[in-house]
$ cat final-v9.cif   # mmCIF, C-alpha atoms (C1' of nucleotides)
data_coords
loop_
_atom_site.label_atom_id
_atom_site.label_comp_id
_atom_site.auth_asym_id
_atom_site.auth_seq_id
_atom_site.Cartn_x
_atom_site.Cartn_y
_atom_site.Cartn_z
CA MET A 1 168.84 55.20 74.68
CA PRO A 2 165.26 54.12 75.23
CA ARG A 3 163.37 57.39 75.26
CA ARG A 4 161.39 57.44 78.47
CA ARG A 5 157.68 57.11 78.14
CA LEU A 6 155.75 59.71 80.07
CA THR A 7 153.48 58.89 82.96
CA TRP A 8 149.87 59.94 82.83
CA ASN A 9 150.46 62.64 85.44
CA ASP A 10 153.34 64.02 83.44
CA LYS A 11 151.18 64.22 80.37
CA LEU A 12 148.43 66.02 82.22
CA ARG A 13 150.90 68.43 83.77
CA ARG A 14 152.50 69.24 80.44
CA LEU A 15 149.15 69.76 78.82
CA ARG A 16 148.03 72.08 81.64
CA GLU A 17 151.20 74.09 81.29
CA PHE A 18 150.63 74.44 77.58
CA VAL A 19 147.04 75.51 78.01
CA ARG A 20 147.95 78.07 80.65
CA ALA A 21 150.80 79.44 78.60
CA HIS A 22 148.92 79.65 75.31
CA ASP A 23 145.26 80.03 76.34
CA ARG A 24 144.38 77.31 73.86
CA LEU A 25 144.74 73.60 73.30
CA PRO A 26 147.78 72.40 71.38
CA GLY A 27 147.31 71.22 67.83
CA TYR A 28 148.30 67.75 66.69
CA GLN A 29 151.86 68.74 65.84
CA GLU A 30 152.22 70.56 69.12
CA LEU A 31 150.78 67.73 71.17
CA MET A 32 153.15 65.30 69.51
CA ALA A 33 156.12 67.53 70.30
CA LEU A 34 154.86 68.08 73.86
CA MET A 35 154.53 64.36 74.61
CA GLY A 36 157.33 63.03 72.47
CA PHE A 37 155.02 61.17 70.08
CA ARG A 38 156.08 60.31 66.55
CA SER A 39 152.72 59.39 65.25
CA SER A 40 149.79 61.73 64.99
CA HIS A 41 147.64 58.78 65.87
CA SER A 42 149.13 58.76 69.36
CA ALA A 43 147.95 62.32 69.72
CA PHE A 44 144.54 61.27 68.48
CA ARG A 45 144.41 58.52 71.09
CA LEU A 46 145.47 60.91 73.83
CA TRP A 47 142.70 63.35 72.88
CA THR A 48 140.24 60.48 72.94
CA ARG A 49 141.30 59.53 76.42
CA LEU A 50 141.26 63.10 77.69
CA THR A 51 137.76 63.48 76.30
CA ARG A 52 136.61 60.30 77.97
CA LEU A 53 138.00 61.51 81.29
CA GLY A 54 136.40 64.95 80.96
CA TYR A 55 139.49 67.11 80.59
CA VAL A 56 138.46 68.24 77.14
CA ARG A 57 135.09 68.36 75.52
CA LYS A 58 134.07 67.70 71.97
CA ASP A 59 131.32 70.02 70.83
CA ALA A 60 128.69 69.58 68.15
CA ALA A 61 131.14 70.58 65.42
CA GLY A 62 133.54 67.88 66.56
CA LYS A 63 136.08 70.39 67.80
CA LEU A 64 137.87 70.09 71.08
CA ALA A 65 137.64 72.60 73.89
CA PRO A 66 139.20 72.56 77.35
CA THR A 67 136.90 72.03 80.32
CA PRO A 68 137.26 73.90 83.63
CA ARG A 69 138.97 70.77 84.91
CA LEU A 70 141.84 71.36 82.53
CA ARG A 71 141.83 75.12 82.20
CA GLY A 72 141.01 75.98 85.82
CA THR A 73 143.83 77.32 87.90
CA LEU A 74 142.66 77.07 91.47
CA ARG A 75 142.99 74.04 93.64
CA MET A 76 140.24 73.84 96.20
CA LEU A 77 141.58 72.24 99.35
CA GLY A 78 139.84 71.71 102.67
CA THR A 79 139.66 74.11 105.56
CA VAL A 80 142.16 76.41 107.18
CA ALA A 81 142.11 74.23 110.29
CA ALA A 82 143.07 71.19 108.24
CA GLY A 83 146.14 73.01 106.97
CA PHE A 84 147.94 72.07 103.79
CA PRO A 85 147.83 68.49 102.67
CA SER A 86 150.75 66.62 101.19
CA PRO A 87 151.69 67.26 97.57
CA ALA A 88 150.23 63.89 96.67
CA GLU A 89 146.88 64.86 98.14
CA GLU A 90 147.11 68.23 96.44
CA GLU A 91 147.10 66.47 93.10
CA LEU A 92 143.70 65.07 93.94
CA ALA A 93 142.15 68.41 94.81
CA ASP A 94 139.36 69.73 92.66
CA ILE A 95 140.56 72.29 90.18
CA LEU A 96 138.17 75.07 89.38
CA SER A 97 137.94 78.44 87.79
CA LEU A 98 136.84 81.35 89.95
CA ASP A 99 134.77 82.77 87.13
CA GLU A 100 132.71 79.65 86.75
CA PHE A 101 132.53 79.20 90.50
CA LEU A 102 131.12 82.65 91.18
CA ILE A 103 129.38 83.79 88.01
CA ARG A 104 126.12 82.30 86.84
CA ARG A 105 125.02 84.81 84.21
CA PRO A 106 128.12 86.49 82.77
CA GLU A 107 126.19 88.96 80.67
CA ALA A 108 124.33 90.29 83.73
CA THR A 109 127.10 90.26 86.30
CA PHE A 110 129.17 93.26 87.33
CA LEU A 111 131.86 94.16 89.79
CA LEU A 112 131.42 97.29 91.92
CA THR A 113 133.70 98.85 94.50
CA VAL A 114 132.06 99.30 97.90
CA THR A 115 131.79 102.79 99.29
CA GLY A 116 130.37 103.50 102.72
CA ASP A 117 130.06 101.32 105.76
CA SER A 118 126.35 100.46 105.69
CA MET A 119 127.07 96.71 105.55
CA ILE A 120 130.16 96.58 107.72
CA GLU A 121 128.64 94.24 110.30
CA ALA A 122 128.07 91.75 107.50
CA GLY A 123 131.79 91.86 106.82
CA ILE A 124 131.51 94.13 103.78
CA HIS A 125 134.06 96.91 104.14
CA PRO A 126 134.68 100.05 102.11
CA GLY A 127 137.03 99.15 99.26
CA ASP A 128 135.75 95.59 98.98
CA LEU A 129 134.39 94.45 95.64
CA VAL A 130 130.86 93.14 95.26
CA LEU A 131 129.83 90.86 92.47
CA VAL A 132 126.36 91.98 91.50
CA GLU A 133 123.84 90.14 89.34
CA ARG A 134 121.27 92.34 87.63
CA GLY A 135 117.76 91.54 86.63
CA VAL A 136 116.91 89.00 89.29
CA GLN A 137 114.19 89.19 91.91
CA PRO A 138 115.85 89.51 95.33
CA LYS A 139 114.81 87.05 98.00
CA ASN A 140 114.48 87.87 101.67
CA ASN A 141 117.80 88.70 103.33
CA ASP A 142 119.61 88.98 100.03
CA ILE A 143 122.04 91.88 99.94
CA VAL A 144 121.06 94.26 97.18
CA VAL A 145 122.41 97.37 95.51
CA ALA A 146 119.48 99.76 95.87
CA GLN A 147 118.75 103.36 95.07
CA VAL A 148 117.35 105.19 98.07
CA ASP A 149 116.72 108.93 97.96
CA ASP A 150 118.82 109.34 94.82
CA GLU A 151 121.68 107.54 96.50
CA TRP A 152 122.96 104.04 95.77
CA THR A 153 123.87 101.82 98.72
CA LEU A 154 124.10 98.23 99.85
CA LYS A 155 121.29 96.93 102.05
CA TYR A 156 119.59 93.75 103.15
CA PHE A 157 116.37 93.25 101.20
CA ILE A 158 113.41 92.28 103.36
CA ARG A 159 109.79 91.85 102.36
CA ASP A 160 107.34 91.67 105.29
CA GLU A 161 103.65 92.28 105.90
CA GLU A 162 104.08 96.02 105.46
CA GLY A 163 105.96 95.78 102.20
CA VAL A 164 109.64 96.12 101.41
CA ARG A 165 112.22 97.17 103.94
CA LEU A 166 115.91 97.83 103.45
CA ASP A 167 118.11 97.05 106.44
CA PRO A 168 121.69 98.19 106.89
CA ALA A 169 124.20 96.03 108.71
CA ASN A 170 125.39 98.92 110.83
CA ARG A 171 123.81 100.18 114.06
CA LYS A 172 124.61 103.76 113.06
CA TYR A 173 121.97 103.61 110.33
CA SER A 174 118.27 102.80 110.40
CA PRO A 175 116.11 100.51 108.31
CA ILE A 176 114.41 102.21 105.39
CA ARG A 177 110.89 101.82 104.03
CA PRO A 178 110.89 103.21 100.52
CA ARG A 179 107.79 105.38 99.99
CA ARG A 180 107.67 106.41 96.37
CA SER A 181 110.02 104.41 94.28
CA LEU A 182 112.48 101.64 94.89
CA VAL A 183 115.17 100.81 92.41
CA ILE A 184 117.03 97.55 92.86
CA GLY A 185 120.22 97.60 90.85
CA GLY A 186 121.03 93.99 91.48
CA VAL A 187 121.65 91.24 93.99
CA VAL A 188 125.06 90.72 95.60
CA ARG A 189 126.27 87.20 94.78
CA ALA A 190 129.73 87.44 96.27
CA VAL A 191 132.13 89.73 98.07
CA ILE A 192 135.77 89.89 97.11
CA ARG A 193 138.55 91.52 99.06
CA LYS A 194 141.93 91.69 97.36
CA TYR A 195 145.11 92.39 99.31
CA GLY A 196 148.33 93.94 98.09
CA MET B 1 116.92 91.65 50.09
CA PRO B 2 120.20 93.36 50.90
CA ARG B 3 121.59 91.19 53.67
CA ARG B 4 122.41 93.57 56.49
CA ARG B 5 126.03 94.05 57.21
CA LEU B 6 126.89 93.66 60.87
CA THR B 7 128.19 96.51 62.98
CA TRP B 8 131.47 96.13 64.80
CA ASN B 9 129.70 95.80 68.13
CA ASP B 10 127.48 93.07 66.77
CA LYS B 11 130.48 91.16 65.55
CA LEU B 12 132.22 91.44 68.91
CA ARG B 13 129.08 90.39 70.73
CA ARG B 14 128.56 87.38 68.52
CA LEU B 15 132.16 86.34 68.88
CA ARG B 16 131.98 86.67 72.67
CA GLU B 17 128.87 84.54 72.75
CA PHE B 18 130.56 81.87 70.68
CA VAL B 19 133.65 81.86 72.86
CA ARG B 20 131.60 81.60 76.03
CA ALA B 21 129.43 78.86 74.65
CA HIS B 22 132.24 76.77 73.20
CA ASP B 23 135.28 77.64 75.33
CA ARG B 24 137.26 78.10 72.14
CA LEU B 25 137.61 80.42 69.19
CA PRO B 26 135.54 79.62 66.10
CA GLY B 27 137.31 78.18 63.10
CA TYR B 28 137.20 79.82 59.71
CA GLN B 29 134.02 78.08 58.62
CA GLU B 30 132.37 78.87 61.92
CA LEU B 31 133.43 82.51 61.89
CA MET B 32 132.05 82.86 58.37
CA ALA B 33 128.73 81.36 59.42
CA LEU B 34 128.67 83.50 62.57
CA MET B 35 129.21 86.75 60.71
CA GLY B 36 127.47 85.94 57.46
CA PHE B 37 130.65 86.00 55.39
CA ARG B 38 130.94 84.14 52.12
CA SER B 39 134.64 84.40 51.72
CA SER B 40 137.16 82.90 54.10
CA HIS B 41 139.27 85.93 53.40
CA SER B 42 136.73 88.08 55.23
CA ALA B 43 137.24 85.86 58.24
CA PHE B 44 140.98 86.27 57.82
CA ARG B 45 140.61 90.04 57.75
CA LEU B 46 138.40 89.97 60.85
CA TRP B 47 140.99 87.93 62.74
CA THR B 48 143.64 90.40 61.67
CA ARG B 49 141.64 93.27 63.02
CA LEU B 50 140.79 91.48 66.26
CA THR B 51 144.47 90.75 66.73
CA ARG B 52 145.42 94.36 66.10
CA LEU B 53 142.87 95.51 68.68
CA GLY B 54 144.02 92.98 71.27
CA TYR B 55 140.97 90.73 71.46
CA VAL B 56 142.92 87.74 70.25
CA ARG B 57 146.61 87.00 70.36
CA LYS B 58 148.80 85.26 67.86
CA ASP B 59 151.43 83.14 69.54
CA ALA B 60 154.83 82.03 68.30
CA ALA B 61 153.31 79.16 66.33
CA GLY B 62 151.04 81.57 64.51
CA LYS B 63 147.94 80.24 66.19
CA LEU B 64 145.22 82.41 67.61
CA ALA B 65 144.17 82.46 71.24
CA PRO B 66 141.59 84.61 73.03
CA THR B 67 142.83 87.29 75.41
CA PRO B 68 141.16 88.09 78.75
CA ARG B 69 139.56 91.03 76.96
CA LEU B 70 137.57 88.60 74.81
CA ARG B 71 137.19 85.65 77.12
CA GLY B 72 136.62 87.57 80.36
CA THR B 73 133.11 87.67 81.65
CA LEU B 74 133.05 90.37 84.30
CA ARG B 75 132.40 93.99 83.65
CA MET B 76 134.16 96.21 86.15
CA LEU B 77 132.05 99.28 86.78
CA GLY B 78 132.63 102.10 89.25
CA THR B 79 131.52 102.29 92.84
CA VAL B 80 128.34 101.32 94.62
CA ALA B 81 127.63 104.99 95.29
CA ALA B 82 127.83 105.78 91.59
CA GLY B 83 125.16 103.18 90.89
CA PHE B 84 124.67 101.54 87.54
CA PRO B 85 125.64 103.45 84.43
CA SER B 86 123.64 103.47 81.22
CA PRO B 87 123.89 100.48 78.90
CA ALA B 88 126.00 102.58 76.55
CA GLU B 89 128.49 103.25 79.31
CA GLU B 90 128.41 99.62 80.31
CA GLU B 91 129.76 98.70 76.90
CA LEU B 92 132.85 100.73 77.67
CA ALA B 93 133.54 99.02 80.98
CA ASP B 94 136.69 97.00 81.34
CA ILE B 95 136.05 93.31 80.96
CA LEU B 96 138.18 91.04 83.06
CA SER B 97 138.47 87.52 84.31
CA LEU B 98 138.41 86.95 88.06
CA ASP B 99 141.11 84.31 87.79
CA GLU B 100 143.55 86.64 86.16
CA PHE B 101 142.54 89.48 88.43
CA LEU B 102 143.17 87.56 91.64
CA ILE B 103 145.70 84.86 90.84
CA ARG B 104 149.33 85.61 90.15
CA ARG B 105 150.90 82.18 90.40
CA PRO B 106 148.27 79.57 89.52
CA GLU B 107 150.45 76.60 90.39
CA ALA B 108 150.99 77.90 93.92
CA THR B 109 147.56 79.26 94.73
CA PHE B 110 144.89 77.45 96.71
CA LEU B 111 141.44 78.05 98.08
CA LEU B 112 140.72 77.21 101.71
CA THR B 113 137.52 77.46 103.70
CA VAL B 114 137.85 79.58 106.83
CA THR B 115 137.19 77.94 110.16
CA GLY B 116 137.26 79.86 113.42
CA ASP B 117 136.85 83.55 114.09
CA SER B 118 140.44 84.61 114.74
CA MET B 119 140.31 87.21 111.95
CA ILE B 120 136.73 88.32 112.27
CA GLU B 121 137.60 91.95 112.98
CA ALA B 122 139.40 92.01 109.64
CA GLY B 123 136.13 91.01 108.03
CA ILE B 124 137.08 87.36 107.56
CA HIS B 125 134.23 85.20 108.80
CA PRO B 126 133.91 81.46 109.28
CA GLY B 127 132.79 79.94 106.00
CA ASP B 128 134.55 82.56 103.88
CA LEU B 129 137.08 81.37 101.33
CA VAL B 130 140.66 82.54 101.39
CA LEU B 131 142.86 82.53 98.34
CA VAL B 132 146.29 81.52 99.60
CA GLU B 133 149.60 81.80 97.77
CA ARG B 134 152.28 79.39 98.94
CA GLY B 135 156.01 79.78 98.89
CA VAL B 136 156.23 83.53 99.29
CA GLN B 137 157.89 85.49 102.07
CA PRO B 138 155.14 87.27 104.04
CA LYS B 139 155.52 90.98 104.57
CA ASN B 140 154.51 92.86 107.70
CA ASN B 141 150.74 92.89 108.26
CA ASP B 142 150.12 90.26 105.62
CA ILE B 143 147.51 87.76 106.66
CA VAL B 144 149.03 84.28 106.70
CA VAL B 145 147.93 80.70 107.17
CA ALA B 146 150.22 79.56 109.98
CA GLN B 147 150.70 76.47 112.06
CA VAL B 148 150.78 77.31 115.74
CA ASP B 149 150.90 74.53 118.35
CA ASP B 150 149.93 71.89 115.81
CA GLU B 151 146.94 73.94 114.78
CA TRP B 152 146.45 75.86 111.57
CA THR B 153 144.90 79.34 111.77
CA LEU B 154 144.77 82.71 110.10
CA LYS B 155 146.84 85.49 111.66
CA TYR B 156 148.48 88.79 110.86
CA PHE B 157 152.20 88.31 110.30
CA ILE B 158 154.36 90.84 112.10
CA ARG B 159 158.13 90.98 112.37
CA ASP B 160 159.46 93.37 115.03
CA GLU B 161 162.61 93.83 117.13
CA GLU B 162 161.87 90.71 119.12
CA GLY B 163 161.24 88.48 116.16
CA VAL B 164 158.05 87.23 114.59
CA ARG B 165 154.64 87.78 116.12
CA LEU B 166 151.27 86.46 114.99
CA ASP B 167 148.32 88.72 115.74
CA PRO B 168 144.68 87.68 115.60
CA ALA B 169 142.01 90.17 114.60
CA ASN B 170 139.82 89.26 117.53
CA ARG B 171 140.06 90.66 121.04
CA LYS B 172 139.17 87.27 122.48
CA TYR B 173 142.56 85.92 121.41
CA SER B 174 146.09 87.04 122.16
CA PRO B 175 149.12 87.65 119.95
CA ILE B 176 151.45 84.70 119.67
CA ARG B 177 155.24 84.55 119.70
CA PRO B 178 156.25 81.21 118.25
CA ARG B 179 159.04 79.69 120.33
CA ARG B 180 160.23 76.57 118.62
CA SER B 181 158.99 76.31 115.11
CA LEU B 182 156.85 78.44 112.87
CA VAL B 183 155.27 77.07 109.75
CA ILE B 184 153.80 79.54 107.30
CA GLY B 185 151.50 77.76 104.89
CA GLY B 186 150.99 80.74 102.68
CA VAL B 187 149.95 84.34 102.35
CA VAL B 188 146.30 85.32 101.95
CA ARG B 189 145.90 87.24 98.68
CA ALA B 190 142.13 87.56 98.68
CA VAL B 191 139.00 86.76 100.62
CA ILE B 192 135.89 85.52 98.86
CA ARG B 193 132.44 85.23 100.31
CA LYS B 194 129.83 83.56 98.17
CA TYR B 195 126.12 83.90 98.87
CA GLY B 196 123.33 81.56 97.97
"C1'" DT C 1 129.69 114.25 43.73
"C1'" DA C 2 133.57 111.99 43.85
"C1'" DC C 3 137.00 109.63 45.92
"C1'" DA C 4 139.54 107.36 49.43
"C1'" DA C 5 139.11 104.27 53.10
"C1'" DT C 6 136.76 100.35 54.81
"C1'" DA C 7 134.50 95.94 54.11
"C1'" DG C 8 133.46 91.97 51.48
"C1'" DT C 9 133.95 88.40 47.33
"C1'" DG C 10 136.21 84.62 45.08
"C1'" DA C 11 139.81 81.48 43.65
"C1'" DA C 12 143.78 79.10 44.74
"C1'" DC C 13 147.31 76.39 47.44
"C1'" DG C 14 150.41 74.27 50.78
"C1'" DA C 15 150.07 72.99 55.71
"C1'" DT C 16 147.77 71.02 59.37
"C1'" DC C 17 143.85 68.55 61.29
"C1'" DG C 18 141.04 64.61 62.49
"C1'" DT C 19 140.42 60.11 61.55
"C1'" DT C 20 140.76 55.18 59.85
"C1'" DC C 21 143.32 50.84 59.30
"C1'" DA C 22 146.97 47.63 60.27
"C1'" DC C 23 150.92 46.62 62.84
"C1'" DT C 24 154.59 46.67 66.94
"C1'" DT C 25 156.17 47.45 71.71
"C1'" DT C 26 155.55 47.86 76.68
"C1'" DT C 27 153.24 46.96 80.95
"C1'" DC C 28 151.20 44.35 84.32
"C1'" DA C 29 148.78 40.87 86.50
"C1'" DA C 30 147.07 35.78 86.57
"C1'" DT D 1 156.03 33.32 81.98
"C1'" DT D 2 152.97 34.28 79.24
"C1'" DG D 3 149.25 36.44 77.33
"C1'" DA D 4 145.99 40.18 77.12
"C1'" DA D 5 145.40 45.11 77.68
"C1'" DA D 6 147.42 49.52 77.08
"C1'" DA D 7 150.41 52.53 74.51
"C1'" DG D 8 152.88 53.76 70.44
"C1'" DT D 9 154.25 53.62 65.18
"C1'" DG D 10 153.37 54.58 60.42
"C1'" DA D 11 150.89 55.48 56.21
"C1'" DA D 12 147.12 57.43 54.05
"C1'" DC D 13 143.29 60.74 52.89
"C1'" DG D 14 139.59 64.13 52.71
"C1'" DA D 15 138.43 68.41 55.26
"C1'" DT D 16 139.64 72.61 57.14
"C1'" DC D 17 143.02 76.23 58.09
"C1'" DG D 18 145.77 80.27 57.17
"C1'" DT D 19 147.25 83.02 53.72
"C1'" DT D 20 148.13 85.44 49.19
"C1'" DC D 21 146.47 87.94 45.13
"C1'" DA D 22 143.16 90.49 42.51
"C1'" DC D 23 138.72 92.38 42.22
"C1'" DT D 24 134.02 94.63 43.83
"C1'" DA D 25 130.69 97.00 47.00
"C1'" DT D 26 129.63 100.31 50.70
"C1'" DT D 27 130.34 104.22 53.56
"C1'" DG D 28 131.57 108.54 55.22
"C1'" DT D 29 133.20 112.97 54.02
"C1'" DA D 30 135.85 116.98 51.65
#
$ encode --input "final-v9.cif" --output "structure tokens"
Amino acid sequence: MPRRRLTWNDKLRRLREFVRAHDRLPGYQELMALMGFRSSHSAFRLWTRLTRLGYVRKDAAGKLAPTPRLRGTLRMLGTVAAGFPSPAEEELADILSLDEFLIRRPEATFLLTVTGDSMIEAGIHPGDLVLVERGVQPKNNDIVVAQVDDEWTLKYFIRDEEGVRLDPANRKYSPIRPRRSLVIGGVVRAVIRKYG
Amino acid sequence: MPRRRLTWNDKLRRLREFVRAHDRLPGYQELMALMGFRSSHSAFRLWTRLTRLGYVRKDAAGKLAPTPRLRGTLRMLGTVAAGFPSPAEEELADILSLDEFLIRRPEATFLLTVTGDSMIEAGIHPGDLVLVERGVQPKNNDIVVAQVDDEWTLKYFIRDEEGVRLDPANRKYSPIRPRRSLVIGGVVRAVIRKYG
DNA sequence: TACAATAGTGAACGATCGTTCACTTTTCAA
DNA sequence: TTGAAAAGTGAACGATCGTTCACTATTGTA
């Protein structure tokens, strides 16, 4: 029985499964078992190829690490209107990790639960999560977490001729011009609503 | 000069930095260099402790892998109203990874860009991203990606006495009762809006 | 102050890793 | 169909890993 040689797609799929299941790359022994190799050199060659194609990365110490392309879990397809493509096209979709997609500075990024409806017309509802980056200068029309009158809320940040203004996205509330102090907790980089 | 021994927090911080920078755990040599150890046994003991505390995991093959607790990048704080806690309290915040927080079945989960305003009253705007899980039975009031009259859109899924109904969240449009066929592409598990 | 718990040192060893060299088999296109 | 490129085999070797055992230093506390 001529043991079937794996296709490239099969190899990639098996490797992805391993990485997802173990949160690490397989070792030489494990890669050989996974792919049905008998020689560790085959594993070596496979690593070389995967490195060349950008699925794994070799750092300064010469050790391998998975790239988002391999580790990522999310396939980014087109638009809702375009619907779901065929499985073959799915294979071609870009794979990414939400963390890397949304977070620039991990050490300065936080997740807060939204309370209040001050930004509801911007589609930010109570119970939503906001991904907030601290320690950055807000630009005009950025949504910020700000402390106003000893109370923290979400507002649009606007700097005009008269100074800084904080605008709600809700007709029930009025724009605010901070008089004494203005504390900006951080800038909202993303909004996340989780169902179920 | 009595080389300063590192505190536990310092060790954790250094390890986190390494993992973020390299996308892998340090080896023994690297861990020794990172922590200022001279004996590989110290590294061994540190791994043992990290395993016991759940920062790394030892799988069936006896190999170490980082857990979300170590690899995760997002600190989950309280609510917007509560504002930002002190740095000391921040240290205690739960660290999580967005991928693991939002994605249950990686192989069946996709990201689509929203087109159209059929769900705008549910806070889903054109340009938002929806995280869609395929191959699950939608429950009542789930938001689904459905094919209606050869067109894909987002709708609430509702099953009543008369059968299945698809409701928009926009007064401009009307509920739909599919007559011939109904294709459900998937169930919306999360909505993501990215700024900037 | 003393003493137990915690943290680190140092040597040793078999297993695995990462790589090189030389050779064979399979695939695919001219 | 044939010949080159791609893929796999097999042996070998120094480096690192993962672990054990025995010993020493530091720290917090009864």
$ resolve_selection --input "final-v9.cif" --expression "the PyMOL selection byres ((chain C) within 9 of (chain B))" --output "PDB file with C-alpha atoms (C1' of nucleotides), keeping the file's coordinate frame"
ATOM      1  C1'  DA C   7     134.500  95.940  54.110  1.00  0.00           C
ATOM      2  C1'  DG C   8     133.460  91.970  51.480  1.00  0.00           C
ATOM      3  C1'  DT C   9     133.950  88.400  47.330  1.00  0.00           C
ATOM      4  C1'  DG C  10     136.210  84.620  45.080  1.00  0.00           C
TER       5       DG C  10
END
$ residues_around --input "final-v9.cif" --residues "stretch 71-84 of chain B" --least-positions-apart "3" --cutoff "9 Å" --atoms "all atoms listed in the file" --output "ChimeraX atom specification"
/A:99,103,105-116,129-131,145-147,151-154,185 /B:16,19-20,23,55,66-68,87,90-91,93-98
$ resolve_selection --input "final-v9.cif" --expression "the PyMOL selection byres ((chain D and resi 11-16) around 12)" --output "list of chain:residue names"
A:Ser39, A:Ser40, A:His41, A:Lys63, B:Gly27, B:Tyr28, B:Gln29, B:Glu30, B:Ser40, C:DA15, C:DT16, C:DC17, C:DG18, C:DT19, C:DT20, C:DC21, C:DA22, C:DC23, D:DT9, D:DG10, D:DC17, D:DG18
$ closest_residue --input "final-v9.cif" --among "A:Pro85, A:Gly186, A:Gly123, A:Pro178" --to "chain B" --atoms "all atoms listed in the file"
A:Gly123
$ atom_distance --input "final-v9.cif" --atom1 "atom CA of A:Tyr195" --atom2 "atom CA of B:Glu133"
11.6 Å
$ atom_distance --input "final-v9.cif" --atom1 "atom CA of A:Tyr173" --atom2 "atom CA of A:Ser118"
7.1 Å
$ residues_around --input "final-v9.cif" --residues "D:DT19" --least-positions-apart "4" --cutoff "10 Å" --atoms "all atoms listed in the file" --output "VMD selection string"
(chain B and resid 41 44) or (chain C and resid 13 to 14)
$ residues_around --input "final-v9.cif" --residues "stretch 8-12 of chain B" --least-positions-apart "6" --cutoff "9 Å" --atoms "all atoms listed in the file" --output "number ranges by chain"
B: 34-35, 50, 70
$ write_last_selection --input "final-v9.cif" --atoms "C-alpha atoms" --output "compact mmCIF listing (two decimals), in the coordinates of the input"
# COMPACT_ATOMS: atom_id res chain seq x y z
CA LEU B 34 128.67 83.50 62.57
CA MET B 35 129.21 86.75 60.71
CA LEU B 50 140.79 91.48 66.26
CA LEU B 70 137.57 88.60 74.81
$ atom_distance --input "final-v9.cif" --atom1 "atom CA of B:His22" --atom2 "atom CA of A:Arg104"
15.9 Å
$ resolve_selection --input "final-v9.cif" --expression "the PyMOL selection byres ((chain A and resi 189-193) around 8)" --output "list in words"
Leu102, Ile124, Gly127, Asp128, Leu129, Val130, Leu131, Val132, Glu133, Val187, Val188, Lys194 and Tyr195 of chain A; Ala190, Val191, Ile192, Arg193, Lys194, Tyr195 and Gly196 of chain B
$ closest_residue --input "final-v9.cif" --among "A:Asp160, A:Pro26, A:Gly54, A:Gly36" --to "chain D" --atoms "only C-alpha atoms (C1' of nucleotides)"
A:Gly36
$ closest_residue --input "final-v9.cif" --among "A:Arg69, A:Lys58, A:Arg14, A:Arg177" --to "chain B" --atoms "all atoms listed in the file"
A:Lys58
$ closest_residue --input "final-v9.cif" --among "B:Met32, B:Ser174, B:Ala60, B:Leu166" --to "B:Ile143" --atoms "all atoms listed in the file"
B:Leu166
